[in-house]
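Asks: Sending over work39.txt (compact mmCIF, C-alpha atoms).
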```
# COMPACT_ATOMS: atom_id res chain seq x y z
CA MET A 1 80.62 92.53 94.17
CA SER A 2 79.80 88.84 94.57
CA CYS A 3 76.84 87.80 96.66
CA CYS A 4 77.93 87.06 100.22
CA THR A 5 76.68 84.35 102.52
CA SER A 6 76.70 84.58 106.28
CA ALA A 7 79.69 83.22 108.15
CA PRO A 8 78.11 80.44 110.22
CA ILE A 9 78.86 79.37 113.75
CA VAL A 10 80.57 76.00 113.55
CA THR A 11 79.53 73.60 116.29
CA GLN A 12 81.23 70.36 115.22
CA THR A 13 84.84 69.50 114.63
CA CYS A 14 85.79 68.93 111.01
CA GLU A 15 88.68 67.87 108.86
CA THR A 16 90.75 70.57 107.28
CA MET A 17 91.91 70.93 103.71
CA LEU A 18 95.47 70.79 105.00
CA SER A 19 94.90 67.47 106.77
CA LYS A 20 93.46 66.07 103.53
CA CYS A 21 96.46 67.35 101.50
CA GLU A 22 94.25 69.71 99.49
CA VAL A 23 96.36 72.84 100.05
CA PRO A 24 99.47 73.34 97.88
CA ILE A 25 102.64 73.98 99.91
CA ILE A 26 105.48 75.90 98.26
CA ASP A 27 108.96 75.85 99.82
CA LEU A 28 110.84 79.13 99.40
CA ALA A 29 113.99 77.95 101.18
CA HIS A 30 116.25 78.93 98.26
CA MET A 31 114.35 82.10 97.41
CA GLY A 32 112.62 83.64 100.42
CA THR A 33 113.30 87.35 100.68
CA GLU A 34 116.55 87.19 98.69
CA ARG A 35 116.88 90.22 96.46
CA CYS A 36 118.58 88.30 93.62
CA PRO A 37 117.48 84.64 93.73
CA GLN A 38 118.78 82.24 91.07
CA LYS A 39 116.79 82.16 87.84
CA GLY A 40 116.30 78.40 88.08
CA VAL A 41 114.78 78.73 91.55
CA VAL A 42 112.50 81.55 90.40
CA LYS A 43 111.26 79.39 87.52
CA GLN A 44 110.49 76.47 89.85
CA VAL A 45 108.57 78.67 92.27
CA ALA A 46 106.80 80.35 89.34
CA SER A 47 105.50 77.06 88.02
CA LYS A 48 104.26 75.91 91.42
CA LEU A 49 102.70 79.29 92.24
CA VAL A 50 100.74 79.59 88.99
CA ARG A 51 99.53 76.01 89.22
CA ALA A 52 98.42 76.46 92.83
CA LEU A 53 96.58 79.73 92.16
CA SER A 54 94.92 78.43 88.99
CA GLU A 55 93.72 75.18 90.57
CA LYS A 56 93.08 76.18 94.20
CA GLY A 57 93.30 79.97 94.41
CA LEU A 58 95.80 79.73 97.29
CA ALA A 59 99.03 78.20 98.54
CA LEU A 60 100.92 77.97 101.82
CA LEU A 61 104.45 79.37 101.74
CA VAL A 62 107.09 77.83 104.01
CA ASN A 63 110.68 78.93 104.65
CA HIS A 64 109.67 82.40 103.48
CA GLY A 65 112.26 84.28 105.53
CA ILE A 66 109.98 86.23 107.90
CA PRO A 67 110.71 85.13 111.49
CA GLU A 68 107.83 84.16 113.76
CA CYS A 69 109.14 86.51 116.47
CA LYS A 70 108.23 89.51 114.29
CA MET A 71 104.66 88.22 113.91
CA LYS A 72 104.33 87.76 117.66
CA ALA A 73 105.72 91.25 118.32
CA ALA A 74 102.98 92.70 116.09
CA TYR A 75 100.34 90.57 117.84
CA ARG A 76 101.51 91.87 121.23
CA ALA A 77 101.46 95.47 120.01
CA LEU A 78 97.89 95.11 118.74
CA ASP A 79 96.80 93.41 121.99
CA ALA A 80 98.19 96.33 123.99
CA PHE A 81 96.39 98.80 121.74
CA CYS A 82 93.07 96.94 122.08
CA GLU A 83 93.37 97.16 125.88
CA LEU A 84 93.45 100.98 125.74
CA PRO A 85 90.28 102.94 126.64
CA ASP A 86 87.74 103.45 123.85
CA GLU A 87 88.40 107.19 123.70
CA THR A 88 92.15 106.61 123.26
CA ARG A 89 91.65 104.08 120.46
CA ALA A 90 89.21 106.48 118.79
CA LYS A 91 92.08 108.96 118.27
CA TYR A 92 93.55 106.53 115.76
CA ALA A 93 90.30 105.74 113.92
CA ARG A 94 90.59 105.02 110.20
CA ASP A 95 90.59 108.16 108.09
CA PRO A 96 87.63 107.90 105.64
CA SER A 97 89.70 109.66 102.98
CA GLY A 98 92.35 106.92 103.16
CA ASN A 99 92.71 103.43 104.58
CA HIS A 100 95.11 103.97 107.49
CA GLY A 101 94.06 103.54 111.11
CA TYR A 102 91.88 101.64 113.54
CA ILE A 103 88.49 100.02 112.86
CA LYS A 104 86.54 98.88 115.91
CA PRO A 105 84.23 95.83 115.97
CA GLY A 106 80.92 96.57 114.29
CA PRO A 107 78.68 95.89 111.30
CA SER A 108 80.13 93.67 108.60
CA THR A 109 80.93 95.23 105.24
CA TYR A 110 80.10 91.90 103.57
CA THR A 111 76.98 90.52 105.34
CA ASP A 112 74.15 91.63 107.62
CA GLU A 113 76.04 90.36 110.65
CA LYS A 114 78.22 92.13 113.18
CA GLU A 115 81.92 91.31 112.97
CA ALA A 116 83.77 90.79 116.23
CA ARG A 117 87.26 91.93 115.27
CA HIS A 118 89.69 94.78 115.89
CA VAL A 119 91.56 96.04 112.81
CA PHE A 120 94.55 98.35 112.49
CA ASN A 121 95.53 99.25 108.92
CA VAL A 122 99.04 100.49 108.17
CA SER A 123 99.24 102.12 104.74
CA GLY A 124 102.90 103.15 104.89
CA THR A 125 105.88 103.77 107.14
CA GLY A 126 105.73 107.13 108.85
CA GLU A 127 101.93 107.10 109.30
CA VAL A 128 100.47 108.02 112.71
CA VAL A 129 100.51 105.05 115.09
CA PRO A 130 99.99 104.78 118.88
CA GLU A 131 103.69 104.78 119.73
CA GLU A 132 103.22 106.94 122.84
CA GLU A 133 100.53 104.68 124.31
CA VAL A 134 102.13 101.44 123.07
CA PRO A 135 105.94 101.80 122.99
CA GLY A 136 107.41 99.62 120.26
CA PHE A 137 104.26 99.66 118.11
CA ARG A 138 105.98 101.54 115.27
CA SER A 139 109.08 99.37 115.11
CA ALA A 140 106.97 96.19 115.19
CA VAL A 141 104.74 97.20 112.28
CA ASP A 142 107.45 98.95 110.24
CA GLU A 143 109.79 95.95 110.30
CA LEU A 144 106.98 93.58 109.41
CA ALA A 145 105.77 95.84 106.61
CA ARG A 146 109.23 95.91 105.05
CA ASP A 147 109.48 92.11 105.22
CA PHE A 148 106.05 91.56 103.66
CA LYS A 149 106.83 94.10 100.95
CA GLN A 150 110.04 92.28 100.06
CA LEU A 151 108.34 88.88 100.10
CA SER A 152 105.54 90.14 97.86
CA ALA A 153 108.10 91.60 95.43
CA MET A 154 109.70 88.17 95.12
CA LEU A 155 106.30 86.55 94.53
CA LEU A 156 105.38 89.13 91.90
CA THR A 157 108.63 88.32 90.09
CA ALA A 158 107.88 84.60 90.16
CA LEU A 159 104.27 85.17 89.13
CA ALA A 160 105.33 87.27 86.12
CA VAL A 161 107.69 84.51 85.00
CA GLY A 162 104.92 81.94 85.44
CA LEU A 163 102.63 84.07 83.28
CA GLU A 164 105.29 84.15 80.53
CA GLN A 165 106.08 87.85 81.03
CA SER A 166 109.40 89.55 81.74
CA PRO A 167 110.54 89.08 85.39
CA ASP A 168 109.96 92.77 86.19
CA PHE A 169 106.56 92.99 84.44
CA LEU A 170 104.52 93.00 87.66
CA LEU A 171 107.19 94.64 89.83
CA THR A 172 107.13 97.79 87.73
CA LYS A 173 103.36 97.94 88.26
CA HIS A 174 103.76 97.61 92.04
CA SER A 175 106.77 99.90 92.49
CA ARG A 176 105.16 102.17 95.12
CA MET A 177 103.85 99.65 97.65
CA LEU A 178 103.29 101.33 101.06
CA GLU A 179 103.95 104.72 99.46
CA THR A 180 101.79 107.51 98.05
CA GLY A 181 100.13 106.39 94.82
CA ASN A 182 99.56 102.78 95.87
CA GLU A 183 96.79 101.27 98.03
CA SER A 184 98.73 98.30 99.49
CA ILE A 185 98.29 97.95 103.26
CA LEU A 186 99.47 95.86 106.19
CA ARG A 187 96.49 94.89 108.35
CA LEU A 188 96.71 93.70 111.96
CA LEU A 189 93.64 91.78 113.15
CA TYR A 190 92.51 90.58 116.56
CA TYR A 191 89.32 88.57 117.04
CA PRO A 192 88.52 88.60 120.79
CA PRO A 193 87.31 85.46 122.57
CA LEU A 194 83.53 85.11 122.46
CA GLY A 195 82.90 82.81 125.41
CA ALA A 196 79.86 81.27 123.70
CA PRO A 197 78.32 81.37 120.20
CA VAL A 198 76.33 84.56 119.61
CA PRO A 199 73.59 84.57 116.92
CA GLY A 200 74.22 87.20 114.24
CA LEU A 201 77.88 87.57 115.17
CA ALA A 202 80.60 86.61 112.68
CA ARG A 203 84.35 86.99 112.54
CA CYS A 204 84.51 87.91 108.85
CA GLY A 205 81.86 87.43 106.16
CA ALA A 206 82.46 85.78 102.79
CA HIS A 207 84.27 87.96 100.26
CA CYS A 208 87.04 88.22 97.65
CA ASP A 209 89.99 90.53 98.14
CA TYR A 210 90.27 93.52 95.82
CA GLY A 211 93.93 93.59 94.86
CA THR A 212 96.54 91.41 93.16
CA LEU A 213 97.57 89.09 95.99
CA THR A 214 97.01 88.79 99.72
CA LEU A 215 99.59 87.37 102.11
CA LEU A 216 98.14 86.09 105.39
CA ALA A 217 99.89 84.99 108.58
CA GLN A 218 97.73 83.60 111.39
CA ASP A 219 98.00 81.92 114.76
CA CYS A 220 96.82 78.38 115.52
CA GLU A 221 93.21 79.40 116.23
CA GLY A 222 91.00 78.02 113.46
CA GLY A 223 88.14 79.46 111.46
CA LEU A 224 89.50 80.41 108.02
CA GLU A 225 87.47 78.79 105.23
CA ILE A 226 87.73 79.08 101.45
CA GLN A 227 85.30 78.36 98.65
CA THR A 228 86.76 76.23 95.89
CA PRO A 229 87.28 78.33 92.72
CA TYR A 230 85.17 76.07 90.50
CA GLY A 231 82.51 74.89 92.93
CA GLU A 232 80.30 75.82 95.84
CA ARG A 233 82.05 73.77 98.51
CA TRP A 234 83.49 75.51 101.58
CA GLY A 235 86.56 74.02 103.19
CA ARG A 236 88.39 74.77 106.44
CA VAL A 237 91.99 75.56 105.53
CA GLY A 238 93.74 74.44 108.71
CA HIS A 239 96.97 75.70 110.32
CA LEU A 240 100.57 75.02 109.34
CA PRO A 241 102.93 76.56 111.94
CA GLY A 242 105.09 79.32 110.51
CA ALA A 243 103.50 79.25 107.04
CA ILE A 244 102.11 82.28 105.20
CA LEU A 245 99.06 81.84 103.00
CA VAL A 246 98.92 83.56 99.60
CA ASN A 247 95.64 83.97 97.73
CA THR A 248 94.43 85.69 94.58
CA GLY A 249 92.40 88.90 94.40
CA ASP A 250 90.10 90.59 91.90
CA ILE A 251 92.84 92.42 89.99
CA LEU A 252 94.91 89.29 89.36
CA ALA A 253 91.73 87.56 88.17
CA SER A 254 91.14 90.45 85.74
CA TRP A 255 94.76 90.41 84.53
CA THR A 256 94.54 86.69 83.72
CA ASN A 257 90.99 86.75 82.34
CA ASN A 258 89.97 84.69 85.38
CA GLN A 259 92.47 81.93 84.69
CA LEU A 260 93.72 82.71 88.22
CA PRO A 261 90.31 83.23 89.87
CA ALA A 262 89.84 85.47 92.90
CA LEU A 263 89.49 83.33 96.02
CA ARG A 264 86.31 83.72 98.04
CA HIS A 265 86.91 83.20 101.76
CA ARG A 266 85.49 83.84 105.23
CA VAL A 267 86.36 83.44 108.91
CA VAL A 268 83.78 81.43 110.87
CA VAL A 269 83.40 81.17 114.61
CA PRO A 270 85.33 77.99 115.49
CA GLU A 271 84.40 75.22 117.88
CA HIS A 272 86.52 76.59 120.73
CA CYS A 273 85.14 80.11 120.60
CA GLY A 274 86.49 80.94 124.04
CA ARG A 275 89.90 81.73 122.52
CA GLY A 276 90.98 84.84 120.67
CA ARG A 277 92.48 84.84 117.17
CA HIS A 278 95.31 86.87 115.64
CA SER A 279 96.24 87.33 112.01
CA ILE A 280 98.24 89.69 109.81
CA ALA A 281 97.26 90.38 106.20
CA TYR A 282 99.32 92.17 103.59
CA PHE A 283 97.14 93.33 100.69
CA VAL A 284 99.20 93.75 97.50
CA HIS A 285 97.81 96.39 95.11
CA PRO A 286 99.24 97.81 91.87
CA ASP A 287 100.19 101.47 91.64
CA ASP A 288 97.11 103.66 91.24
CA ASN A 289 97.76 104.60 87.61
CA THR A 290 98.26 101.00 86.40
CA LEU A 291 95.91 99.92 83.62
CA ILE A 292 94.32 96.53 84.29
CA GLU A 293 94.12 94.81 80.90
CA PRO A 294 93.90 91.01 80.40
CA LEU A 295 97.24 89.50 79.41
CA ASP A 296 97.87 87.57 76.22
CA THR A 297 98.97 84.44 78.03
CA LYS A 298 97.84 80.86 78.58
CA ILE A 299 97.79 78.62 81.63
CA THR A 300 97.86 74.89 81.05
CA LYS A 301 96.07 72.71 83.58
CA PRO A 302 96.35 68.92 83.95
CA ASN A 303 94.37 67.02 81.27
CA GLN A 304 93.49 70.27 79.57
CA GLU A 305 94.60 71.75 76.27
CA PRO A 306 96.24 75.19 76.40
CA ALA A 307 93.62 77.92 76.21
CA PRO A 308 94.96 81.32 75.14
CA CYS A 309 93.80 84.36 77.07
CA ARG A 310 93.34 87.05 74.42
CA LEU A 311 93.85 90.73 75.11
CA GLN A 312 90.41 92.26 75.36
CA LYS A 313 88.68 95.22 76.95
CA LYS A 314 85.59 94.77 79.07
CA LYS A 315 82.40 96.65 78.35
CA ARG A 316 83.15 98.99 81.26
CA GLY A 317 86.41 99.99 79.58
CA VAL A 318 89.89 99.48 80.93
CA LEU A 319 90.27 100.66 84.53
CA THR A 320 93.33 101.80 86.42
CA ALA A 321 94.14 100.01 89.67
CA TYR A 322 92.89 103.05 91.64
CA GLN A 323 89.58 103.17 89.72
CA HIS A 324 89.11 99.44 90.27
CA LEU A 325 89.64 99.74 94.02
CA GLN A 326 87.33 102.74 94.36
CA ARG A 327 84.57 100.91 92.47
CA ARG A 328 84.94 97.85 94.74
CA LEU A 329 84.94 100.02 97.87
CA ARG A 330 81.76 101.77 96.71
CA GLU A 331 80.11 98.41 96.12
CA THR A 332 81.23 97.16 99.52
CA TYR A 333 80.26 100.18 101.61
CA ALA A 334 77.08 101.15 99.72
CA SER A 335 74.11 101.31 102.06
```
Would you encode the structure as structure tokens?

Replies:
Amino acid sequence: MSCCTSAPIVTQTCETMLSKCEVPIIDLAHMGTERCPQKGVVKQVASKLVRALSEKGLALLVNHGIPECKMKAAYRALDAFCELPDETRAKYARDPSGNHGYIKPGPSTYTDEKEARHVFNVSGTGEVVPEEEVPGFRSAVDELARDFKQLSAMLLTALAVGLEQSPDFLLTKHSRMLETGNESILRLLYYPPLGAPVPGLARCGAHCDYGTLTLLAQDCEGGLEIQTPYGERWGRVGHLPGAILVNTGDILASWTNNQLPALRHRVVVPEHCGRGRHSIAYFVHPDDNTLIEPLDTKITKPNQEPAPCRLQKKKRGVLTAYQHLQRRLRETYAS
């Protein structure tokens, strides 16, 4: 696990990476959540996606096919859940043996700070959710989960093509998303308004995600920052209405021998800390029994000669996706 720094309280306004045109934007208008997009379109998206993830570690997706009304319905459902009494919310607490359920604000898993955020993880359709207390909760999260699953399947197809593999190379390794045998989850997050900066209180400490990709939708409240893949600089991402952010995780970095590096990111307390913040993350993981071995592929960057990524096994030995996740969770939650 990489060393984490505290998520600071930001007291001055600042430019964003988006305002400085430092965030790649990929238009999926002719691909979106189509089940059979044209090969030419897939190839174009593949090229842009691999370049963005290799150079920046992230991209903003527009015209992705998931309507904003579905995001807002999920935000409203989580808001209603967070207004329930503590003892009612506790009935839906995250099961330690899995990853489904509610996590209340508390100590950060990444830093020594306390994180002020409510989390509800959905690990698959049919899981226990507070439908009785919050009518419509299930339909809101189930519909959104299906849309994110389909969008991620399209991105995995494009990514495989961009990595010079067969179009279904990654899809076959992620065939059980939101089912038994796969650790992908849909995560609803609400960061309540703080009123004033509180020392030792963060929204989310600096970390890398564990899986293949993460898709992130968020409201207009600021605070998301990323660390450039090949430097120490932190930059505020900024908000593009309706866009979904995609970033790399540990497993994709391992698959590409770090040619697509895992993106380190955090959520800081923004200038206007009196407002709450909503976001939805979809963490894309391979099926548990997938072996994570570096691919024999090469990624060409501007002004750089092609550098082949040779198939090699690390000293630890080749891990399955499930073994990788369990190791990262042990590192994260170790006391």

Asks: May I ask for the distance between CA of Val161 (chain A) and CA of Ala243 (chain A), given in Å to one decimal place?

Replies: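 That distance, rounded to one decimal, is 23.0 Å.
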
Asks: Skipping near chain neighbours, those fewer than 5 positions away, what residues fall within 10 Å of Gly181 (chain A) using only C-alpha atoms, listed as a list in words?

Replies: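 Contacts, with the query itself left out: His174, Ser175, Arg176, Pro286, Asp287, Asp288, Asn289 and Tyr322 of chain A.
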
Asks: If you measure from CA of Ile251 (chain A) to CA of Ile292 (chain A), what distance in Å do you get, rounded to one decimal?

Replies: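 Distance reported for this atom pair: 7.2 Å.
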
Asks: Just the residues within 10 Å of region 120-125 of chain A, please, counting all atoms listed in the file, with nothing from its chain fewer than 3 positions along; format it as a short mmCIF file (atom, residue, chain, number, x, y, z; two decimals) with C-alpha atoms, in the coordinates of the input.

Replies:
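around-v1.cif was written with the following content:
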```cif
data_model
loop_
_atom_site.label_atom_id
_atom_site.label_comp_id
_atom_site.auth_asym_id
_atom_site.auth_seq_id
_atom_site.Cartn_x
_atom_site.Cartn_y
_atom_site.Cartn_z
CA LEU A 78 97.89 95.11 118.74
CA PHE A 81 96.39 98.80 121.74
CA CYS A 82 93.07 96.94 122.08
CA TYR A 92 93.55 106.53 115.76
CA ALA A 93 90.30 105.74 113.92
CA ARG A 94 90.59 105.02 110.20
CA GLY A 98 92.35 106.92 103.16
CA ASN A 99 92.71 103.43 104.58
CA HIS A 100 95.11 103.97 107.49
CA GLY A 101 94.06 103.54 111.11
CA TYR A 102 91.88 101.64 113.54
CA ILE A 103 88.49 100.02 112.86
CA LYS A 104 86.54 98.88 115.91
CA VAL A 128 100.47 108.02 112.71
CA VAL A 129 100.51 105.05 115.09
CA ARG A 138 105.98 101.54 115.27
CA SER A 139 109.08 99.37 115.11
CA VAL A 141 104.74 97.20 112.28
CA ASP A 142 107.45 98.95 110.24
CA GLU A 143 109.79 95.95 110.30
CA ALA A 145 105.77 95.84 106.61
CA ARG A 146 109.23 95.91 105.05
CA MET A 177 103.85 99.65 97.65
CA LEU A 178 103.29 101.33 101.06
CA GLU A 179 103.95 104.72 99.46
CA THR A 180 101.79 107.51 98.05
CA ASN A 182 99.56 102.78 95.87
CA GLU A 183 96.79 101.27 98.03
CA SER A 184 98.73 98.30 99.49
CA ILE A 185 98.29 97.95 103.26
CA LEU A 186 99.47 95.86 106.19
CA ARG A 187 96.49 94.89 108.35
CA LEU A 188 96.71 93.70 111.96
CA LEU A 189 93.64 91.78 113.15
CA TYR A 190 92.51 90.58 116.56
CA ILE A 280 98.24 89.69 109.81
CA ALA A 281 97.26 90.38 106.20
CA TYR A 282 99.32 92.17 103.59
CA PHE A 283 97.14 93.33 100.69
#
```

Asks: Between A:Thr248, A:Thr300, A:Thr256, A:Gln218, which is the closest to Arg277 (chain A) once you count all atoms listed in the file?

Replies: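 Using all atoms listed in the file, Arg277 (chain A) sits closest to A:Gln218.
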
Asks: Rounded to one decimal, what separation in Å do you get between CA of Ile226 (chain A) and CA of Leu291 (chain A)?

Replies: 28.6 Å

Asks: Take region 147-162 of chain A, model N, CA, C and O atoms, and hand the result over as a PDB file, in the frame of the given file.

Replies:
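Saved as result15.pdb:
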```pdb
ATOM      1  N   ASP A 147     109.300  93.521 105.559  1.00  0.00           N
ATOM      2  CA  ASP A 147     109.480  92.110 105.220  1.00  0.00           C
ATOM      3  C   ASP A 147     108.386  91.619 104.265  1.00  0.00           C
ATOM      4  O   ASP A 147     108.664  90.907 103.297  1.00  0.00           O
ATOM      5  N   PHE A 148     107.146  91.985 104.530  1.00  0.00           N
ATOM      6  CA  PHE A 148     106.050  91.560 103.660  1.00  0.00           C
ATOM      7  C   PHE A 148     106.181  92.200 102.273  1.00  0.00           C
ATOM      8  O   PHE A 148     105.865  91.567 101.259  1.00  0.00           O
ATOM      9  N   LYS A 149     106.637  93.432 102.235  1.00  0.00           N
ATOM     10  CA  LYS A 149     106.830  94.100 100.950  1.00  0.00           C
ATOM     11  C   LYS A 149     107.888  93.379 100.131  1.00  0.00           C
ATOM     12  O   LYS A 149     107.717  93.159  98.920  1.00  0.00           O
ATOM     13  N   GLN A 150     108.982  92.986 100.776  1.00  0.00           N
ATOM     14  CA  GLN A 150     110.040  92.280 100.060  1.00  0.00           C
ATOM     15  C   GLN A 150     109.581  90.903  99.607  1.00  0.00           C
ATOM     16  O   GLN A 150     109.873  90.463  98.486  1.00  0.00           O
ATOM     17  N   LEU A 151     108.845  90.195 100.467  1.00  0.00           N
ATOM     18  CA  LEU A 151     108.340  88.880 100.100  1.00  0.00           C
ATOM     19  C   LEU A 151     107.370  88.982  98.918  1.00  0.00           C
ATOM     20  O   LEU A 151     107.419  88.181  97.983  1.00  0.00           O
ATOM     21  N   SER A 152     106.503  89.980  98.951  1.00  0.00           N
ATOM     22  CA  SER A 152     105.540  90.140  97.860  1.00  0.00           C
ATOM     23  C   SER A 152     106.253  90.490  96.553  1.00  0.00           C
ATOM     24  O   SER A 152     105.835  90.062  95.475  1.00  0.00           O
ATOM     25  N   ALA A 153     107.337  91.269  96.630  1.00  0.00           N
ATOM     26  CA  ALA A 153     108.100  91.600  95.430  1.00  0.00           C
ATOM     27  C   ALA A 153     108.681  90.342  94.797  1.00  0.00           C
ATOM     28  O   ALA A 153     108.666  90.179  93.560  1.00  0.00           O
ATOM     29  N   MET A 154     109.173  89.420  95.630  1.00  0.00           N
ATOM     30  CA  MET A 154     109.700  88.170  95.120  1.00  0.00           C
ATOM     31  C   MET A 154     108.590  87.343  94.465  1.00  0.00           C
ATOM     32  O   MET A 154     108.757  86.766  93.381  1.00  0.00           O
ATOM     33  N   LEU A 155     107.418  87.308  95.095  1.00  0.00           N
ATOM     34  CA  LEU A 155     106.300  86.550  94.530  1.00  0.00           C
ATOM     35  C   LEU A 155     105.801  87.151  93.231  1.00  0.00           C
ATOM     36  O   LEU A 155     105.419  86.426  92.301  1.00  0.00           O
ATOM     37  N   LEU A 156     105.797  88.474  93.135  1.00  0.00           N
ATOM     38  CA  LEU A 156     105.380  89.130  91.900  1.00  0.00           C
ATOM     39  C   LEU A 156     106.352  88.806  90.764  1.00  0.00           C
ATOM     40  O   LEU A 156     105.946  88.640  89.611  1.00  0.00           O
ATOM     41  N   THR A 157     107.647  88.711  91.088  1.00  0.00           N
ATOM     42  CA  THR A 157     108.630  88.320  90.090  1.00  0.00           C
ATOM     43  C   THR A 157     108.362  86.908  89.591  1.00  0.00           C
ATOM     44  O   THR A 157     108.327  86.648  88.376  1.00  0.00           O
ATOM     45  N   ALA A 158     108.148  85.988  90.528  1.00  0.00           N
ATOM     46  CA  ALA A 158     107.880  84.600  90.160  1.00  0.00           C
ATOM     47  C   ALA A 158     106.571  84.489  89.373  1.00  0.00           C
ATOM     48  O   ALA A 158     106.481  83.752  88.388  1.00  0.00           O
ATOM     49  N   LEU A 159     105.560  85.229  89.804  1.00  0.00           N
ATOM     50  CA  LEU A 159     104.270  85.170  89.130  1.00  0.00           C
ATOM     51  C   LEU A 159     104.380  85.671  87.689  1.00  0.00           C
ATOM     52  O   LEU A 159     103.800  85.089  86.764  1.00  0.00           O
ATOM     53  N   ALA A 160     105.137  86.747  87.469  1.00  0.00           N
ATOM     54  CA  ALA A 160     105.330  87.270  86.120  1.00  0.00           C
ATOM     55  C   ALA A 160     105.998  86.217  85.229  1.00  0.00           C
ATOM     56  O   ALA A 160     105.600  86.008  84.076  1.00  0.00           O
ATOM     57  N   VAL A 161     107.018  85.557  85.755  1.00  0.00           N
ATOM     58  CA  VAL A 161     107.690  84.510  85.000  1.00  0.00           C
ATOM     59  C   VAL A 161     106.715  83.377  84.677  1.00  0.00           C
ATOM     60  O   VAL A 161     106.680  82.856  83.551  1.00  0.00           O
ATOM     61  N   GLY A 162     105.894  83.007  85.660  1.00  0.00           N
ATOM     62  CA  GLY A 162     104.920  81.940  85.440  1.00  0.00           C
ATOM     63  C   GLY A 162     103.858  82.307  84.428  1.00  0.00           C
ATOM     64  O   GLY A 162     103.268  81.428  83.784  1.00  0.00           O
TER      65      GLY A 162
END
```
